[in-house]
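File shown: my_file07.cif (mmCIF, C-alpha atoms and all ligand atoms).
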```cif
data_input
#
loop_
_atom_site.label_atom_id
_atom_site.label_comp_id
_atom_site.auth_asym_id
_atom_site.auth_seq_id
_atom_site.Cartn_x
_atom_site.Cartn_y
_atom_site.Cartn_z
CA MET O 1 -31.87 35.33 -11.87
CA ASN O 2 -34.41 32.55 -12.26
CA ARG O 3 -34.36 29.35 -10.23
CA TRP O 4 -32.88 27.28 -13.06
CA THR O 5 -29.92 29.60 -13.52
CA LEU O 6 -29.28 29.46 -9.79
CA PHE O 7 -29.55 25.66 -9.84
CA LEU O 8 -27.06 25.40 -12.72
CA ILE O 9 -24.56 27.69 -11.02
CA LEU O 10 -24.81 25.67 -7.79
CA ALA O 11 -24.52 22.32 -9.60
CA THR O 12 -21.42 23.49 -11.49
CA ALA O 13 -19.82 24.82 -8.32
CA LEU O 14 -20.52 21.56 -6.47
CA SER O 15 -19.09 19.38 -9.22
CA LEU O 16 -15.93 21.53 -9.32
CA VAL O 17 -15.48 21.07 -5.57
CA ALA O 18 -15.98 17.30 -5.95
CA CYS O 19 -13.36 17.11 -8.72
CA ALA O 20 -10.79 19.14 -6.81
CA ARG O 21 -10.84 16.78 -3.82
CA PRO O 22 -8.09 14.18 -4.10
CA GLU O 23 -9.29 10.60 -3.80
CA LEU O 24 -8.75 9.44 -0.22
CA ALA O 25 -8.58 5.90 1.13
CA SER O 26 -11.77 5.16 3.09
CA SER O 27 -11.59 4.43 6.80
CA ASP O 28 -13.17 1.02 6.04
CA GLN O 29 -10.39 0.08 3.64
CA LEU O 30 -7.73 1.26 6.11
CA ALA O 31 -9.34 -0.75 8.91
CA ARG O 32 -9.37 -3.91 6.76
CA GLY O 33 -5.75 -3.24 5.80
CA GLU O 34 -4.71 -2.91 9.44
CA VAL O 35 -6.22 -6.31 10.28
CA LEU O 36 -4.46 -7.87 7.26
CA TYR O 37 -1.16 -6.26 8.29
CA SER O 38 -1.43 -7.81 11.75
CA LEU O 39 -2.17 -11.22 10.18
CA HIS O 40 0.38 -11.29 7.34
CA CYS O 41 3.13 -8.70 7.85
CA ILE O 42 3.63 -7.74 11.50
CA GLN O 43 5.54 -10.91 12.40
CA CYS O 44 8.42 -9.67 10.23
CA HIS O 45 8.02 -5.94 9.82
CA THR O 46 6.98 -5.42 13.46
CA ASP O 47 5.42 -2.02 14.12
CA GLY O 48 6.97 -0.67 10.92
CA ARG O 49 10.49 -0.31 12.30
CA GLY O 50 11.58 -3.81 11.22
CA ASP O 51 14.37 -5.67 13.00
CA ALA O 52 17.80 -7.20 12.27
CA LEU O 53 16.47 -9.38 9.42
CA ASN O 54 13.52 -7.39 8.16
CA PRO O 55 13.60 -3.85 6.78
CA PRO O 56 11.64 -0.98 8.29
CA LEU O 57 8.63 0.11 6.26
CA PHE O 58 8.71 3.58 7.80
CA GLY O 59 10.54 5.81 5.38
CA SER O 60 10.71 3.17 2.62
CA ALA O 61 11.01 4.93 -0.74
CA LYS O 62 9.30 1.94 -2.33
CA ILE O 63 6.18 2.42 -0.22
CA ARG O 64 5.97 6.12 -1.11
CA GLY O 65 6.49 5.48 -4.83
CA GLN O 66 4.14 3.93 -7.39
CA PRO O 67 1.59 1.53 -5.86
CA SER O 68 2.79 -1.17 -8.27
CA ALA O 69 6.09 -1.42 -6.33
CA THR O 70 4.35 -2.28 -3.05
CA ILE O 71 1.88 -4.56 -4.84
CA ARG O 72 4.71 -6.49 -6.53
CA ASN O 73 6.56 -6.83 -3.24
CA ILE O 74 3.55 -8.52 -1.72
CA LEU O 75 2.78 -10.74 -4.74
CA TYR O 76 6.35 -11.78 -5.57
CA GLY O 77 8.29 -11.35 -2.31
CA GLN O 78 11.86 -10.13 -2.35
CA GLN O 79 15.24 -11.77 -1.79
CA HIS O 80 18.30 -9.97 -0.46
CA GLU O 81 17.75 -6.64 -2.15
CA SER O 82 17.23 -4.34 0.81
CA ILE O 83 20.21 -2.39 2.04
CA VAL O 84 19.69 -0.81 5.42
CA SER O 85 22.46 1.30 6.96
CA GLY O 86 24.85 0.11 4.23
CA LYS O 87 24.25 -3.61 4.88
CA LYS O 88 22.24 -6.19 2.94
CA LEU O 89 19.63 -7.77 5.19
CA GLY O 90 19.64 -11.51 5.87
CA GLY O 91 15.88 -12.02 5.70
CA ILE O 92 13.86 -12.91 2.63
CA MET O 93 10.27 -11.93 2.03
CA PRO O 94 8.09 -14.80 0.76
CA ALA O 95 5.57 -14.26 -2.05
CA LEU O 96 2.18 -13.63 -0.44
CA ASP O 97 0.29 -14.32 -3.66
CA TYR O 98 -2.39 -16.38 -1.88
CA LEU O 99 -3.95 -13.07 -0.79
CA THR O 100 -6.86 -11.96 -2.98
CA ASP O 101 -6.72 -8.81 -5.13
CA GLU O 102 -8.93 -7.04 -2.57
CA GLU O 103 -6.71 -8.11 0.34
CA VAL O 104 -3.50 -6.98 -1.38
CA ALA O 105 -5.17 -3.65 -2.30
CA ASP O 106 -6.32 -3.12 1.31
CA VAL O 107 -3.01 -4.00 2.97
CA ALA O 108 -1.03 -1.98 0.38
CA THR O 109 -3.31 1.02 1.02
CA TYR O 110 -2.76 0.62 4.75
CA VAL O 111 1.06 0.36 4.68
CA ARG O 112 1.35 3.26 2.23
CA PHE O 113 -0.90 5.38 4.44
CA ARG O 114 0.61 4.36 7.79
CA PHE O 115 4.30 4.25 6.92
CA GLY O 116 4.51 6.51 3.86
CA ASN O 117 1.81 9.14 4.45
CA VAL O 118 0.22 8.28 1.08
CA THR O 119 -3.55 8.76 1.26
CA HIS O 120 -4.37 7.44 -2.22
CA PRO O 121 -6.33 4.14 -2.20
CA VAL O 122 -4.98 1.11 -4.09
CA GLN O 123 -7.64 -0.60 -6.24
CA PRO O 124 -8.02 -4.39 -6.66
CA ALA O 125 -7.73 -3.94 -10.46
CA GLU O 126 -4.21 -2.51 -9.97
CA VAL O 127 -3.30 -5.73 -8.12
CA ALA O 128 -4.81 -7.96 -10.82
CA ALA O 129 -2.69 -6.12 -13.40
CA GLN O 130 0.52 -7.13 -11.56
CA ARG O 131 -0.24 -10.87 -11.32
CA PRO O 132 1.63 -13.12 -13.74
CA ALA O 133 -0.24 -13.74 -17.00
CA ARG O 134 -1.94 -17.11 -17.07
C1 LIG O 201 8.54 -13.73 6.59
C2 LIG O 201 8.80 -12.32 6.80
C3 LIG O 201 8.02 -11.29 6.02
C4 LIG O 201 6.66 -11.16 5.86
C5 LIG O 201 5.58 -12.08 6.41
C6 LIG O 201 6.45 -9.97 5.10
N1 LIG O 201 7.64 -9.39 4.77
FE1 LIG O 201 7.94 -7.71 3.66
N2 LIG O 201 9.93 -8.02 3.69
C7 LIG O 201 10.58 -9.00 4.43
C8 LIG O 201 12.01 -8.93 4.16
C9 LIG O 201 13.07 -9.82 4.78
C10 LIG O 201 12.18 -7.90 3.21
C11 LIG O 201 13.50 -7.47 2.56
C12 LIG O 201 13.94 -8.55 1.59
C13 LIG O 201 15.23 -8.20 0.87
O1 LIG O 201 16.16 -7.73 1.52
O2 LIG O 201 15.27 -8.34 -0.33
C14 LIG O 201 10.86 -7.33 2.97
C15 LIG O 201 10.61 -6.25 2.14
C16 LIG O 201 9.39 -5.61 2.03
C17 LIG O 201 9.16 -4.37 1.31
C18 LIG O 201 10.21 -3.56 0.56
C19 LIG O 201 10.82 -2.55 1.49
C20 LIG O 201 11.85 -1.73 0.77
O3 LIG O 201 11.94 -0.53 1.10
O4 LIG O 201 12.58 -2.25 -0.10
C21 LIG O 201 7.84 -4.08 1.42
C22 LIG O 201 7.11 -2.87 0.85
C23 LIG O 201 7.24 -5.12 2.23
N3 LIG O 201 8.22 -6.02 2.58
C24 LIG O 201 5.91 -5.16 2.60
C25 LIG O 201 5.30 -6.26 3.22
C26 LIG O 201 3.89 -6.37 3.46
C27 LIG O 201 2.86 -5.30 3.12
C28 LIG O 201 3.69 -7.59 4.05
C29 LIG O 201 2.38 -8.22 4.42
C30 LIG O 201 1.35 -8.26 3.41
C31 LIG O 201 4.99 -8.22 4.19
N4 LIG O 201 5.94 -7.37 3.69
C32 LIG O 201 5.20 -9.47 4.77
C33 LIG O 201 9.99 -9.92 5.26
C34 LIG O 201 8.63 -10.17 5.33
#
```
Spell out the structure here as structure tokens.
Ligand code: HEC
Amino acid sequence: MNRWTLFLILATALSLVACARPELASSDQLARGEVLYSLHCIQCHTDGRGDALNPPLFGSAKIRGQPSATIRNILYGQQHESIVSGKKLGGIMPALDYLTDEEVADVATYVRFRFGNVTHPVQPAEVAAQRPAR
């Protein structure tokens, strides 16, 4: 086997390994998301368990579902839709649409990772796609 054949086999093998790896959120993005969570979300959602007015994020089906659901929650807020233990909650979530696309992507990545075990990173372009058309 000449060197070129060996090189081609190795290059093919490496690119297959790279493709098979699922895309993971970077530790940088998660760290930025954690800071944003403590600035913009923790006052209501506490450590993820929520309280009498605010729903827990741990175990939220929304968080584990399509990223667009979490993104839209942040951009548009939510009023009296959550039912926890059979009761509608009293709290309302304001629209946090003053956050930039990058900030929403980072905090959405963080909450999905932390409370929903989703390791897939949310991209700023996915946030831009959910903003109202101008
Ligand atoms: C002022 C309080 C407040 C802040 C700040 C806030 N939320 Fe909320 N959030 C709520 C309330 C209250 C609800 C439920 C509203 C309802 O019942 O319709 C909610 C609902 C949600 C839901 C939907 C949960 C489900 O399972 O239906 C998600 C996801 C969420 N918030 C994420 C966030 C993130 C991420 C941030 C920060 C970027 C944030 N929230 C900031 C109060 C808040």
task: Kindly extract all protein, DNA and RNA residues lying within 12 Å of the coordinates (0.4, 7.8, 8.9) given in the file, considering all atoms listed in the file, and supply them as a list in words.
output: Leu30, Glu34, Gly48, Leu57, Phe58, Gly59, Arg64, Thr109, Tyr110, Val111, Arg112, Phe113, Arg114, Phe115, Gly116, Asn117, Val118 and Thr119 of chain O
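Each of O:Ser82, O:Thr46, O:Ser38, O:Asn2 was compared to ligand LIG 201 (chain O) using all atoms listed in the file, and O:Ser82 turns out to be the nearest.
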With the cut-off set at 8 Å and counting only C-alpha atoms and all ligand atoms, tabulate each residue of chain O with an atom at most that distance from an atom of ligand LIG 201 (chain O), showing the nearest atom pair and its distance in Å to one decimal, ordered by chain and increasing number, as JSON lines.
```
{"residue": "O:Leu36", "atom": "CA", "partner": "O:LIG201", "partner_atom": "C30", "distance": 7.0}
{"residue": "O:Tyr37", "atom": "CA", "partner": "O:LIG201", "partner_atom": "C29", "distance": 5.6}
{"residue": "O:Leu39", "atom": "CA", "partner": "O:LIG201", "partner_atom": "C29", "distance": 7.9}
{"residue": "O:His40", "atom": "CA", "partner": "O:LIG201", "partner_atom": "C29", "distance": 4.7}
{"residue": "O:Cys41", "atom": "CA", "partner": "O:LIG201", "partner_atom": "C29", "distance": 3.5}
{"residue": "O:Ile42", "atom": "CA", "partner": "O:LIG201", "partner_atom": "C5", "distance": 7.0}
{"residue": "O:Gln43", "atom": "CA", "partner": "O:LIG201", "partner_atom": "C5", "distance": 6.1}
{"residue": "O:Cys44", "atom": "CA", "partner": "O:LIG201", "partner_atom": "C2", "distance": 4.4}
{"residue": "O:His45", "atom": "CA", "partner": "O:LIG201", "partner_atom": "N1", "distance": 6.1}
{"residue": "O:Leu53", "atom": "CA", "partner": "O:LIG201", "partner_atom": "C9", "distance": 5.8}
{"residue": "O:Asn54", "atom": "CA", "partner": "O:LIG201", "partner_atom": "C9", "distance": 4.2}
{"residue": "O:Pro55", "atom": "CA", "partner": "O:LIG201", "partner_atom": "C11", "distance": 5.6}
{"residue": "O:Pro56", "atom": "CA", "partner": "O:LIG201", "partner_atom": "C19", "distance": 7.0}
{"residue": "O:Leu57", "atom": "CA", "partner": "O:LIG201", "partner_atom": "C19", "distance": 5.9}
{"residue": "O:Gly59", "atom": "CA", "partner": "O:LIG201", "partner_atom": "O3", "distance": 7.8}
{"residue": "O:Ser60", "atom": "CA", "partner": "O:LIG201", "partner_atom": "O3", "distance": 4.2}
{"residue": "O:Ala61", "atom": "CA", "partner": "O:LIG201", "partner_atom": "O3", "distance": 5.8}
{"residue": "O:Lys62", "atom": "CA", "partner": "O:LIG201", "partner_atom": "O3", "distance": 5.0}
{"residue": "O:Ile63", "atom": "CA", "partner": "O:LIG201", "partner_atom": "C22", "distance": 5.5}
{"residue": "O:Ala69", "atom": "CA", "partner": "O:LIG201", "partner_atom": "C22", "distance": 7.4}
{"residue": "O:Thr70", "atom": "CA", "partner": "O:LIG201", "partner_atom": "C22", "distance": 4.8}
{"residue": "O:Ile71", "atom": "CA", "partner": "O:LIG201", "partner_atom": "C22", "distance": 7.9}
{"residue": "O:Asn73", "atom": "CA", "partner": "O:LIG201", "partner_atom": "C21", "distance": 5.6}
{"residue": "O:Ile74", "atom": "CA", "partner": "O:LIG201", "partner_atom": "C30", "distance": 5.6}
{"residue": "O:Gly77", "atom": "CA", "partner": "O:LIG201", "partner_atom": "FE1", "distance": 7.0}
{"residue": "O:Gln78", "atom": "CA", "partner": "O:LIG201", "partner_atom": "O2", "distance": 4.3}
{"residue": "O:Gln79", "atom": "CA", "partner": "O:LIG201", "partner_atom": "O2", "distance": 3.7}
{"residue": "O:His80", "atom": "CA", "partner": "O:LIG201", "partner_atom": "O2", "distance": 3.4}
{"residue": "O:Glu81", "atom": "CA", "partner": "O:LIG201", "partner_atom": "O2", "distance": 3.5}
{"residue": "O:Ser82", "atom": "CA", "partner": "O:LIG201", "partner_atom": "O1", "distance": 3.6}
{"residue": "O:Ile83", "atom": "CA", "partner": "O:LIG201", "partner_atom": "O1", "distance": 6.7}
{"residue": "O:Lys88", "atom": "CA", "partner": "O:LIG201", "partner_atom": "O1", "distance": 6.4}
{"residue": "O:Leu89", "atom": "CA", "partner": "O:LIG201", "partner_atom": "O1", "distance": 5.1}
{"residue": "O:Gly90", "atom": "CA", "partner": "O:LIG201", "partner_atom": "O1", "distance": 6.7}
{"residue": "O:Gly91", "atom": "CA", "partner": "O:LIG201", "partner_atom": "C9", "distance": 3.7}
{"residue": "O:Ile92", "atom": "CA", "partner": "O:LIG201", "partner_atom": "C9", "distance": 3.8}
{"residue": "O:Met93", "atom": "CA", "partner": "O:LIG201", "partner_atom": "C7", "distance": 3.8}
{"residue": "O:Pro94", "atom": "CA", "partner": "O:LIG201", "partner_atom": "C1", "distance": 5.9}
{"residue": "O:Leu96", "atom": "CA", "partner": "O:LIG201", "partner_atom": "C30", "distance": 6.7}
{"residue": "O:Val104", "atom": "CA", "partner": "O:LIG201", "partner_atom": "C30", "distance": 6.9}
{"residue": "O:Val107", "atom": "CA", "partner": "O:LIG201", "partner_atom": "C27", "distance": 6.0}
{"residue": "O:Ala108", "atom": "CA", "partner": "O:LIG201", "partner_atom": "C27", "distance": 5.8}
{"residue": "O:Val111", "atom": "CA", "partner": "O:LIG201", "partner_atom": "C27", "distance": 6.1}
```
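Here atom CA of Ser85 of chain O and atom CA of His120 of chain O stand 29.0 Å from one another.
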task: Tell me, in Å to one decimal, how far atom CA of Pro124 of chain O is from atom CA of Gly50 of chain O.
output: 26.5 Å
message: I'd like the neighbourhood of Ser68 of chain O as a PyMOL selection string, where a residue qualifies if any of its atoms comes within 8 Å (using all atoms listed in the file), though same-chain residues fewer than 4 positions away should be ignored.
response: chain O and resi 72+126-127+130
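Between Gln123 of chain O and the residues O:Lys87, O:Arg49, O:Glu23, O:Asp97, the shortest atom-to-atom distance, using all atoms listed in the file, involves O:Glu23.
Computed from the coordinates, the atom CA of Pro67 of chain O to atom CA of Asp51 of chain O distance equals 23.9 Å.
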